[in-house]
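Dropping data-v2.cif in here (mmCIF, C-alpha atoms and all ligand atoms):
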data_target
#
loop_
_atom_site.label_atom_id
_atom_site.label_comp_id
_atom_site.auth_asym_id
_atom_site.auth_seq_id
_atom_site.Cartn_x
_atom_site.Cartn_y
_atom_site.Cartn_z
CA MET I 1339 11.25 21.20 -20.41
CA ALA I 1340 7.69 20.01 -19.80
CA THR I 1341 8.18 17.40 -17.13
CA ALA I 1342 4.87 17.45 -15.25
CA VAL I 1343 4.84 13.68 -15.06
CA THR I 1344 2.59 13.69 -12.00
CA ALA I 1345 -0.16 15.20 -14.15
CA ILE I 1346 -0.06 12.45 -16.76
CA PRO I 1347 -3.25 10.38 -16.81
CA ILE I 1348 -2.50 6.73 -16.15
CA GLY I 1349 -4.27 4.15 -18.26
CA LEU I 1350 -4.30 6.07 -21.53
CA GLY I 1351 -2.26 4.58 -24.30
CA THR I 1352 -1.49 7.97 -25.76
CA THR I 1353 1.86 9.67 -25.87
CA ASN I 1354 2.67 11.44 -22.63
CA GLY I 1355 4.47 14.30 -24.30
CA VAL I 1356 7.61 13.72 -22.25
CA ASN I 1357 10.23 12.93 -24.86
CA GLY I 1358 7.40 10.74 -26.15
CA ALA I 1359 8.80 10.49 -29.67
CA HIS I 1360 11.76 8.38 -28.64
CA MET I 1361 10.80 6.86 -25.32
CA ASN I 1362 8.77 3.84 -24.38
CA GLY I 1363 7.43 5.64 -21.36
CA ASN I 1364 3.69 5.68 -22.12
CA HIS I 1365 1.35 4.22 -19.55
CA VAL I 1366 -1.02 1.38 -20.37
CA ASN I 1367 -3.09 -0.36 -17.70
CA GLY I 1368 -0.91 0.98 -14.95
CA HIS I 1369 2.28 -0.31 -16.51
CA THR I 1370 4.56 1.48 -18.87
CA LYS I 1371 3.85 0.67 -22.46
CA GLY I 1372 7.52 -0.25 -22.54
CA ALA I 1373 6.81 -2.96 -19.96
CA ALA I 1374 3.79 -4.28 -21.88
CA SER I 1375 5.74 -4.55 -25.12
CA LEU I 1376 8.78 -6.27 -23.62
CA PRO I 1377 9.35 -9.98 -24.35
CA PRO I 1378 8.07 -12.31 -21.61
CA PHE I 1379 10.33 -13.80 -18.97
CA PRO I 1380 11.49 -17.18 -20.35
CA THR I 1381 10.13 -20.41 -18.90
CA ASP I 1382 13.34 -22.44 -19.15
CA VAL I 1383 15.62 -20.69 -16.64
CA PRO I 1384 16.00 -21.51 -12.91
CA LYS I 1385 13.72 -19.33 -10.81
CA ALA I 1386 14.13 -18.40 -7.14
CA PRO I 1387 11.33 -19.66 -4.87
CA LEU I 1388 10.22 -16.33 -3.44
CA LEU I 1389 7.04 -16.33 -1.34
CA ARG I 1390 4.31 -14.02 -2.60
CA LEU I 1391 2.95 -11.90 0.23
CA SER I 1392 0.04 -9.49 0.19
CA LEU I 1393 0.43 -5.98 1.55
CA ALA I 1394 -3.31 -5.81 2.29
CA LYS I 1395 -3.12 -8.98 4.41
CA LEU I 1396 -0.08 -7.74 6.31
CA GLN I 1397 -1.84 -4.43 6.95
CA ALA I 1398 -4.79 -6.41 8.31
CA ASN I 1399 -2.48 -8.40 10.63
CA ASP I 1400 -3.50 -11.69 9.00
CA PRO I 1401 -1.72 -14.32 11.16
CA ASP I 1402 -0.88 -16.70 8.29
CA GLU I 1403 0.56 -13.88 6.23
CA ILE I 1404 2.64 -12.68 9.15
CA ASN I 1405 4.02 -16.21 9.60
CA ARG I 1406 4.90 -16.32 5.93
CA LEU I 1407 6.66 -12.95 6.23
CA ASN I 1408 8.74 -14.18 9.15
CA ARG I 1409 9.61 -17.36 7.31
CA ALA I 1410 10.61 -15.44 4.16
CA CYS I 1411 12.83 -13.10 6.18
CA GLU I 1412 14.59 -15.98 7.94
CA ASP I 1413 14.91 -18.41 5.02
CA LEU I 1414 15.68 -16.36 1.93
CA GLY I 1415 15.52 -12.71 2.94
CA PHE I 1416 13.66 -11.97 -0.31
CA PHE I 1417 9.92 -11.99 -1.06
CA TYR I 1418 7.37 -10.58 -3.49
CA LEU I 1419 4.91 -8.06 -2.12
CA ASP I 1420 1.58 -7.72 -3.90
CA LEU I 1421 0.81 -4.01 -3.89
CA ARG I 1422 -2.49 -4.16 -5.78
CA SER I 1423 -4.69 -2.83 -3.00
CA PRO I 1424 -6.17 0.64 -2.55
CA GLY I 1425 -4.09 3.17 -0.66
CA THR I 1426 -0.35 2.85 -0.01
CA GLY I 1427 0.17 -0.18 -2.26
CA GLN I 1428 -1.55 1.06 -5.39
CA ASN I 1429 -0.19 4.59 -4.88
CA LEU I 1430 3.32 3.20 -4.72
CA LEU I 1431 2.77 1.16 -7.90
CA ASP I 1432 1.40 4.19 -9.75
CA ASP I 1433 4.28 6.39 -8.59
CA ALA I 1434 6.78 3.67 -9.55
CA ASP I 1435 5.33 3.72 -13.08
CA ARG I 1436 5.78 7.47 -13.24
CA LEU I 1437 9.32 7.22 -11.89
CA PHE I 1438 10.27 4.67 -14.56
CA THR I 1439 9.49 7.41 -17.09
CA VAL I 1440 11.55 9.89 -15.07
CA GLY I 1441 14.43 7.39 -14.98
CA GLU I 1442 14.36 7.04 -18.75
CA GLN I 1443 14.48 10.83 -19.15
CA LEU I 1444 17.28 11.14 -16.61
CA TYR I 1445 19.53 8.78 -18.53
CA GLU I 1446 18.91 10.59 -21.80
CA LEU I 1447 20.83 13.57 -20.46
CA PRO I 1448 24.30 14.01 -21.96
CA LEU I 1449 27.06 12.21 -20.08
CA GLU I 1450 28.83 15.48 -19.17
CA GLU I 1451 25.63 16.71 -17.53
CA LYS I 1452 25.19 13.50 -15.51
CA GLN I 1453 28.83 13.54 -14.45
CA LYS I 1454 28.30 16.90 -12.74
CA TYR I 1455 26.29 15.01 -10.14
CA ASP I 1456 28.89 12.36 -9.28
CA PHE I 1457 29.72 13.24 -5.67
CA MET I 1458 32.17 10.43 -4.89
CA HIS I 1459 34.96 12.97 -4.35
CA LYS I 1460 32.80 14.53 -1.66
CA ASN I 1461 32.69 11.10 0.03
CA SER I 1462 29.04 10.68 -0.88
CA TYR I 1463 27.26 7.90 -2.73
CA PHE I 1464 24.30 10.15 -3.56
CA GLY I 1465 24.01 11.33 -7.16
CA TYR I 1466 25.43 9.73 -10.29
CA LYS I 1467 27.65 6.68 -10.79
CA GLY I 1468 28.86 6.29 -14.35
CA TYR I 1469 28.86 3.11 -16.43
CA GLY I 1470 31.78 0.88 -15.44
CA ALA I 1471 32.78 2.93 -12.37
CA ASN I 1472 32.69 -0.05 -9.97
CA VAL I 1473 34.78 -3.20 -9.94
CA VAL I 1474 32.52 -6.29 -9.83
CA ASP I 1475 34.99 -9.12 -9.23
CA ARG I 1476 38.50 -9.93 -8.08
CA THR I 1477 39.84 -9.91 -11.64
CA GLY I 1478 39.00 -6.22 -11.96
CA ARG I 1479 36.05 -6.48 -14.35
CA THR I 1480 33.78 -3.45 -14.19
CA ASP I 1481 30.02 -3.06 -13.90
CA ARG I 1482 27.70 -2.50 -16.85
CA ASN I 1483 25.17 -0.03 -15.52
CA GLU I 1484 24.59 3.56 -14.50
CA PHE I 1485 23.05 4.56 -11.14
CA TYR I 1486 21.54 7.72 -9.78
CA ASN I 1487 20.89 7.83 -6.02
CA VAL I 1488 18.44 10.41 -4.65
CA SER I 1489 18.66 11.07 -0.92
CA LYS I 1490 15.49 10.78 1.17
CA ASP I 1491 16.84 13.44 3.55
CA ASP I 1492 17.24 15.85 0.64
CA ILE I 1493 13.72 15.26 -0.72
CA LEU I 1494 12.07 15.40 2.72
CA GLY I 1495 14.00 18.50 3.78
CA VAL I 1496 15.92 16.69 6.54
CA SER I 1497 19.21 17.82 4.95
CA ASP I 1498 20.31 20.51 2.51
CA PRO I 1499 19.48 19.64 -1.09
CA TRP I 1500 22.13 18.18 -3.39
CA PRO I 1501 22.54 19.79 -6.81
CA ALA I 1502 20.41 17.81 -9.30
CA PRO I 1503 19.31 18.03 -12.93
CA ASP I 1504 15.90 19.62 -13.70
CA VAL I 1505 14.53 16.22 -14.67
CA LEU I 1506 14.78 15.32 -10.98
CA ASN I 1507 14.25 18.72 -9.40
CA ASN I 1508 10.91 19.00 -11.23
CA GLN I 1509 9.83 15.69 -9.72
CA ARG I 1510 10.43 16.41 -6.05
CA PRO I 1511 6.72 16.03 -5.12
CA LEU I 1512 6.56 12.66 -6.89
CA LEU I 1513 9.80 11.49 -5.28
CA LYS I 1514 8.50 12.60 -1.90
CA ASN I 1515 5.24 10.66 -2.25
CA PHE I 1516 7.09 7.60 -3.42
CA MET I 1517 9.55 7.78 -0.51
CA ILE I 1518 6.80 8.29 2.07
CA ASN I 1519 4.76 5.34 0.79
CA ALA I 1520 7.82 3.11 0.46
CA HIS I 1521 8.94 4.06 3.95
CA SER I 1522 5.55 3.24 5.39
CA ILE I 1523 5.80 -0.26 3.92
CA VAL I 1524 9.27 -0.57 5.43
CA SER I 1525 7.85 0.48 8.82
CA LEU I 1526 5.15 -2.18 8.54
CA VAL I 1527 7.74 -4.87 7.80
CA LEU I 1528 9.88 -3.64 10.71
CA GLU I 1529 6.89 -3.65 13.06
CA GLN I 1530 6.05 -7.24 12.19
CA LEU I 1531 9.66 -8.34 12.54
CA ASN I 1532 9.96 -6.50 15.85
CA ASN I 1533 6.95 -8.47 17.13
CA HIS I 1534 8.34 -11.71 15.76
CA LEU I 1535 11.68 -11.18 17.49
CA GLY I 1536 10.00 -10.15 20.74
CA LEU I 1537 12.10 -6.98 20.94
CA PRO I 1538 10.79 -4.19 23.17
CA PRO I 1539 7.99 -2.33 21.32
CA GLN I 1540 9.13 0.03 18.55
CA THR I 1541 12.81 -0.99 18.78
CA LEU I 1542 13.34 -1.50 15.05
CA GLN I 1543 10.97 1.29 14.03
CA ASN I 1544 12.84 3.77 16.26
CA LEU I 1545 16.10 2.99 14.48
CA HIS I 1546 14.46 3.99 11.16
CA ARG I 1547 12.47 7.17 11.76
CA GLN I 1548 11.62 8.75 8.43
CA THR I 1549 12.57 12.26 9.54
CA SER I 1550 15.96 11.35 11.06
CA PRO I 1551 19.16 11.59 8.98
CA SER I 1552 19.96 8.30 7.26
CA GLY I 1553 21.31 6.88 4.02
CA ASP I 1554 17.79 6.13 2.72
CA GLN I 1555 17.56 6.70 -1.00
CA VAL I 1556 15.77 6.09 -4.25
CA ARG I 1557 18.04 4.56 -6.88
CA PHE I 1558 17.42 4.73 -10.62
CA ILE I 1559 19.38 2.10 -12.56
CA LYS I 1560 19.93 1.75 -16.28
CA ALA I 1561 21.64 -1.24 -17.91
CA PRO I 1562 21.72 -1.17 -21.72
CA PRO I 1563 21.59 -4.43 -23.72
CA GLN I 1564 24.94 -6.18 -24.01
CA PRO I 1565 26.34 -7.70 -27.21
CA MET I 1566 25.18 -11.32 -27.61
CA GLU I 1567 28.76 -12.65 -27.65
CA ASP I 1568 29.84 -10.72 -24.56
CA ARG I 1569 27.15 -10.83 -21.89
CA GLN I 1570 28.69 -10.27 -18.47
CA ILE I 1571 27.67 -9.43 -14.95
CA THR I 1572 25.93 -6.07 -14.85
CA LEU I 1573 26.03 -5.51 -11.08
CA GLY I 1574 28.41 -7.61 -9.01
CA GLU I 1575 27.28 -9.99 -6.26
CA HIS I 1576 26.55 -8.22 -3.00
CA THR I 1577 24.27 -7.99 -0.02
CA ASP I 1578 22.38 -4.72 0.42
CA PHE I 1579 23.97 -2.33 2.89
CA GLY I 1580 20.89 -1.23 4.79
CA SER I 1581 17.73 -2.67 6.33
CA VAL I 1582 14.87 -3.17 3.86
CA THR I 1583 14.96 -2.74 0.07
CA ILE I 1584 11.88 -2.32 -2.13
CA LEU I 1585 12.67 -3.02 -5.76
CA PHE I 1586 10.73 -2.58 -8.99
CA ASN I 1587 11.84 -4.49 -12.09
CA ARG I 1588 10.31 -4.89 -15.54
CA LEU I 1589 12.89 -7.28 -16.98
CA GLY I 1590 14.63 -10.28 -15.49
CA GLY I 1591 18.34 -10.26 -14.72
CA LEU I 1592 18.28 -10.10 -10.93
CA GLN I 1593 19.61 -13.35 -9.47
CA VAL I 1594 19.82 -14.62 -5.89
CA LEU I 1595 22.10 -17.29 -4.49
CA PRO I 1596 20.00 -19.36 -2.07
CA PRO I 1597 21.68 -20.57 1.15
CA GLY I 1598 23.77 -23.74 1.28
CA ARG I 1599 27.03 -25.03 -0.09
CA ASP I 1600 25.79 -26.33 -3.46
CA ALA I 1601 23.33 -23.54 -4.22
CA GLN I 1602 23.02 -22.22 -7.79
CA TRP I 1603 22.20 -18.69 -8.89
CA CYS I 1604 18.47 -18.39 -9.72
CA TYR I 1605 16.56 -15.60 -11.44
CA VAL I 1606 13.92 -13.52 -9.72
CA GLN I 1607 11.11 -13.17 -12.24
CA PRO I 1608 9.52 -9.70 -12.08
CA LEU I 1609 5.75 -9.89 -11.42
CA PRO I 1610 3.42 -7.06 -12.48
CA GLY I 1611 1.75 -5.39 -9.50
CA HIS I 1612 4.42 -6.66 -7.10
CA ALA I 1613 7.58 -5.24 -5.60
CA ILE I 1614 10.54 -7.46 -4.77
CA VAL I 1615 11.44 -6.86 -1.12
CA ASN I 1616 14.67 -7.94 0.55
CA LEU I 1617 16.51 -7.44 3.80
CA GLY I 1618 19.98 -5.93 4.03
CA ASP I 1619 23.06 -6.15 6.24
CA ALA I 1620 21.59 -4.19 9.14
CA MET I 1621 18.86 -6.79 9.71
CA ALA I 1622 21.41 -9.62 9.59
CA LYS I 1623 23.70 -7.76 12.00
CA PHE I 1624 20.91 -6.74 14.41
CA THR I 1625 19.76 -10.36 14.64
CA ASN I 1626 23.18 -12.05 14.43
CA GLY I 1627 22.18 -13.84 11.24
CA LEU I 1628 18.67 -14.95 12.25
CA LEU I 1629 17.23 -12.70 9.54
CA ARG I 1630 18.88 -13.00 6.18
CA SER I 1631 20.56 -10.44 3.96
CA ASN I 1632 20.81 -12.56 0.86
CA ILE I 1633 23.54 -12.38 -1.78
CA HIS I 1634 22.27 -11.23 -5.17
CA ARG I 1635 23.60 -9.81 -8.42
CA VAL I 1636 22.34 -8.63 -11.79
CA VAL I 1637 23.18 -10.30 -15.10
CA SER I 1638 21.99 -9.69 -18.64
CA PRO I 1639 18.19 -10.28 -18.79
CA PRO I 1640 17.44 -13.87 -19.86
CA GLY I 1641 16.44 -14.91 -23.37
CA GLU I 1642 15.07 -12.27 -25.71
CA GLN I 1643 14.78 -9.87 -22.81
CA GLY I 1644 18.55 -9.45 -23.11
CA ASP I 1645 18.05 -7.31 -26.23
CA HIS I 1646 16.31 -4.57 -24.23
CA THR I 1647 17.46 -1.81 -21.91
CA ARG I 1648 16.86 -2.75 -18.30
CA TYR I 1649 15.68 -0.04 -15.90
CA SER I 1650 15.21 -0.64 -12.17
CA LEU I 1651 13.82 1.56 -9.46
CA VAL I 1652 14.76 0.92 -5.85
CA TYR I 1653 13.99 2.33 -2.41
CA PHE I 1654 16.67 1.53 0.14
CA ALA I 1655 15.79 2.01 3.81
CA ARG I 1656 18.79 2.07 6.11
CA PRO I 1657 19.28 2.61 9.83
CA GLU I 1658 19.61 6.17 11.06
CA GLU I 1659 23.16 7.45 10.62
CA GLY I 1660 24.43 6.94 14.17
CA VAL I 1661 23.00 3.43 14.68
CA LEU I 1662 25.64 0.78 15.34
CA MET I 1663 25.64 -2.22 13.01
CA LYS I 1664 25.59 -4.72 15.89
CA ARG I 1665 23.51 -7.40 17.51
CA LEU I 1666 20.52 -5.93 19.36
CA ASN I 1667 19.87 -6.75 23.00
CA GLY I 1668 16.40 -7.45 24.33
CA SER I 1669 15.23 -10.49 22.37
CA GLU I 1670 15.49 -14.12 23.40
CA LYS I 1671 15.17 -15.20 19.79
CA ILE I 1672 18.32 -13.43 18.61
CA PRO I 1673 21.23 -15.89 18.88
CA GLU I 1674 24.11 -14.97 21.17
CA LEU I 1675 27.48 -14.17 19.60
CA GLU I 1676 29.92 -17.09 19.48
CA PRO I 1677 31.92 -17.25 22.72
CA GLY I 1678 34.84 -14.83 22.46
CA ALA I 1679 33.46 -13.15 19.31
CA THR I 1680 33.45 -9.35 19.21
CA GLU I 1681 31.72 -6.95 16.87
CA GLU I 1682 33.22 -3.94 15.14
CA ASP I 1683 31.89 -0.56 16.35
CA ILE I 1684 30.73 0.91 13.06
CA THR I 1685 27.78 3.22 12.44
CA ALA I 1686 25.31 2.70 9.64
CA LYS I 1687 26.65 5.87 8.01
CA ASP I 1688 30.25 4.64 7.87
CA TRP I 1689 29.18 1.12 6.91
CA ILE I 1690 27.31 2.37 3.85
CA ILE I 1691 30.11 4.68 2.72
CA ARG I 1692 32.67 1.89 3.07
CA ARG I 1693 30.52 -0.54 1.13
CA ALA I 1694 29.14 1.86 -1.51
CA LEU I 1695 32.40 3.59 -2.42
CA GLY I 1696 34.80 0.69 -1.76
CA HIS I 1697 34.62 -0.74 -5.28
CA ARG I 1698 34.91 2.59 -7.11
CA HIS I 1699 38.20 2.16 -8.95
CA ALA I 1700 38.66 5.91 -9.36
CA LEU I 1701 38.87 6.23 -5.58
CA ASN I 1702 40.55 2.97 -4.60
CA LYS I 1703 42.77 1.82 -7.49
CA GLU I 1704 43.89 -1.81 -6.90
CA LYS I 1705 42.19 -1.89 -3.51
CA ALA I 1706 38.81 -1.83 -5.32
CA MET I 1707 39.42 -5.54 -6.05
CA ASP I 1708 39.98 -6.38 -2.39
CA PHE I 1709 36.48 -7.69 -1.78
CA GLU I 1710 37.12 -8.80 1.80
CA SER I 1711 37.78 -5.30 3.04
CA PHE I 1712 34.43 -4.01 1.76
CA GLN I 1713 32.35 -7.05 2.66
CA GLY I 1714 28.94 -6.93 4.26
CA THR I 1715 27.20 -9.98 5.63
CA GLU I 1716 27.97 -12.31 2.72
CA LYS I 1717 29.55 -14.95 4.95
CA LEU I 1718 26.57 -15.01 7.33
CA SER I 1719 24.32 -15.21 4.30
CA ARG I 1720 26.01 -18.26 2.79
CA ARG I 1721 25.18 -20.54 5.76
CA GLU I 1722 27.61 -22.98 4.19
CA GLY I 1723 27.54 -25.49 6.96
CA LYS I 1724 23.81 -26.09 6.55
O1 LIG I 1801 18.45 -3.95 -10.52
C1 LIG I 1801 18.12 -4.83 -9.74
O2 LIG I 1801 17.25 -5.65 -10.01
C2 LIG I 1801 18.78 -4.97 -8.40
C3 LIG I 1801 19.66 -3.83 -8.02
C4 LIG I 1801 20.40 -4.07 -6.73
O3 LIG I 1801 20.54 -5.16 -6.24
C5 LIG I 1801 20.96 -2.93 -6.00
O4 LIG I 1801 20.97 -1.80 -6.56
O5 LIG I 1801 21.40 -3.12 -4.84
FE FE I 1802 21.11 -5.03 -4.17
#

Do you think you could lay out the structure here as structure tokens?
Ligand SMILES: O=C(O)CCC(=O)C(=O)O
Ligand SMILES: [Fe+2]
Amino acid sequence: MATAVTAIPIGLGTTNGVNGAHMNGNHVNGHTKGAASLPPFPTDVPKAPLLRLSLAKLQANDPDEINRLNRACEDLGFFYLDLRSPGTGQNLLDDADRLFTVGEQLYELPLEEKQKYDFMHKNSYFGYKGYGANVVDRTGRTDRNEFYNVSKDDILGVSDPWPAPDVLNNQRPLLKNFMINAHSIVSLVLEQLNNHLGLPPQTLQNLHRQTSPSGDQVRFIKAPPQPMEDRQITLGEHTDFGSVTILFNRLGGLQVLPPGRDAQWCYVQPLPGHAIVNLGDAMAKFTNGLLRSNIHRVVSPPGEQGDHTRYSLVYFARPEEGVLMKRLNGSEKIPELEPGATEEDITAKDWIIRRALGHRHALNKEKAMDFESFQGTEKLSRREGK
């Protein structure tokens, strides 16, 4: 199949020749034509107050922008990052556009083909997760999306490659570029947070070296439209398992639950040219809750957007495999543990497997509904007393 997506000129409204007859994958003005022709995000739904940060300003060490980053990471744990600047930011945006097309192609493969790449029985969360394979709540309801997780170690040659369909194998150079650029943004965020916390230089960065084995991955997600009379949660509420997540959305549907007892779920409106960035469990654990790993979930896209297929593209950066998910020493800002409190000795590798495969009903039967045993930092994230 002709899948030379990297060679497709961006900015031409012509068919890209990649399943072009039945896909909305053409590029217009740096966005997929599919994105341009989607209905707008509605104005009458509650929206989460994410700060909008600029990658260029963070790269330039702009003091106000750095303060805003620190505030966003402590208060909500989610922010927008404006990537419209030459170099890493724009390259990542362009590659994300190309990968949206790859994601659409990937999900057009027959189900039996995709199922060949479900590695849960090998105790791995890389590869394919079928529609409805995870339990999303205590009543046993199941998810309404498909995932495909591509390992950074595989693409960068840190580990042996996993079997994969041609649609992905043909895009290894594109995936590699995307991962390298995404990881460099993660490193920048970690560097700024390391400074903010006053940890010894490079502490956080050295727990996330790009060429060390880790659970870092690109995730392609597809959620088809749901019937009007039966719109349910697509991806159950959770905190992310790792350190820093960089997310690209075209349609609404992502919701965050801000801190506090009476908080309500609010939508995160996707903004063109921006990624949505959030912190995961490792950052909350390392800082004993000073930095936030916020609860979020995905529901049917709001308003007319709900009639369209929702694709997401995500880069998850996680600590290196052997790193313990515990409070870090060496910073006066990081709160002490409560007197008498102890922390479980669990590595990032085991943490991610427990969390990622815990709700797979094919592996866990009734236990998949036991949310407590697969919890991350949800309780820390609620900050209910405040
Ligand atoms: O699809 C989205 O917008 C968010 C996905 C997500 O939260 C996840 O995969 O962890
Ligand atoms: Fe998430």

Could you give me, as a PDB file with C-alpha atoms, keeping the file's coordinate frame, the residues within 6 Å of Leu1662 in chain I, counting all atoms listed in the file and dropping anything in the same chain fewer than 2 positions from it?
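The resulting file, part-v2.pdb, is reproduced below:
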ATOM      1  CA  LYS I1664      25.590  -4.720  15.890  1.00  0.00           C
ATOM      2  CA  ILE I1684      30.730   0.910  13.060  1.00  0.00           C
ATOM      3  CA  THR I1685      27.780   3.220  12.440  1.00  0.00           C
TER       4      THR I1685
END

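Using only C-alpha atoms, the shortest contact distance between Glu1642 in chain I and any of I:Gln1453, I:Ala1694, I:Gly1591, I:Ser1522 is found at I:Gly1591.
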
Long-range neighbours of Ala1394 in chain I as an NGL selection string, 12 Å cut-off, all atoms listed in the file, 6 positions minimum in chain: :I and (1400 or 1403-1404 or 1419-1428 or 1523 or 1526)

Contacts of ligand FE 1802 (chain I), 7 Å or closer, only C-alpha atoms and all ligand atoms, given as JSON, numbers by chain: {"I": [1576, 1577, 1578, 1634, 1635]}

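Computed from the coordinates, the CA of Gln1570 in chain I to CA of Pro1640 in chain I distance equals 11.9 Å.
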
Can you list, as a short mmCIF file (atom, residue, chain, number, x, y, z; two decimals) with C-alpha atoms, keeping the file's coordinate frame, every protein, DNA or RNA residue that comes within 8 Å of Glu1529 in chain I when you count all atoms listed in the file, leaving out same-chain residues fewer than 4 positions away?
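Saved result, result-v6.cif, follows:
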data_model
loop_
_atom_site.label_atom_id
_atom_site.label_comp_id
_atom_site.auth_asym_id
_atom_site.auth_seq_id
_atom_site.Cartn_x
_atom_site.Cartn_y
_atom_site.Cartn_z
CA SER I 1525 7.85 0.48 8.82
CA ASN I 1533 6.95 -8.47 17.13
CA GLN I 1540 9.13 0.03 18.55
CA LEU I 1542 13.34 -1.50 15.05
CA GLN I 1543 10.97 1.29 14.03
#

Within 10 Å of ligand LIG 1801 (chain I), counting all atoms listed in the file, residues as JSON, numbers by chain: {"I": [1483, 1485, 1487, 1556, 1557, 1558, 1559, 1560, 1561, 1572, 1573, 1574, 1575, 1576, 1577, 1578, 1579, 1580, 1583, 1584, 1585, 1586, 1587, 1588, 1589, 1590, 1591, 1592, 1593, 1594, 1606, 1607, 1608, 1614, 1616, 1618, 1633, 1634, 1635, 1636, 1637, 1639, 1648, 1649, 1650, 1651, 1652, 1653, 1654, 1694]}

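CA of Pro1551 in chain I to CA of Asn1461 in chain I spans 16.2 Å [interatomic distance, one decimal].
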
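Only residues having an atom at most 9 Å from (24.9, -1.8, -24.0) are included; using only C-alpha atoms, these are Arg1482, Asn1483, Ala1561, Pro1562, Pro1563, Gln1564, Pro1565 and Thr1647 of chain I.
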
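You will find CA of Glu1451 in chain I at 9.8 Å from CA of Ala1502 in chain I.
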
Padded axis-aligned box of range 1470-1478 of chain I (5 Å per side), centre and edge lengths, Å, one decimal, as AutoDock Vina command-line options:
--center_x 35.8 --center_y -3.5 --center_z -11.8 --size_x 18.1 --size_y 22.9 --size_z 17.4

Test item: residues at most 10 Å from Asn1544 in chain I, only C-alpha atoms, excluding those fewer than 5 positions along its chain, as an mmCIF file with C-alpha atoms, in the coordinates of the input:
data_model
loop_
_atom_site.group_PDB
_atom_site.id
_atom_site.type_symbol
_atom_site.label_atom_id
_atom_site.label_comp_id
_atom_site.auth_asym_id
_atom_site.auth_seq_id
_atom_site.Cartn_x
_atom_site.Cartn_y
_atom_site.Cartn_z
ATOM 1 C CA SER I 1525 7.850 0.480 8.820
ATOM 2 C CA LEU I 1528 9.880 -3.640 10.710
ATOM 3 C CA PRO I 1539 7.990 -2.330 21.320
ATOM 4 C CA SER I 1550 15.960 11.350 11.060
ATOM 5 C CA PRO I 1657 19.280 2.610 9.830
ATOM 6 C CA GLU I 1658 19.610 6.170 11.060
#
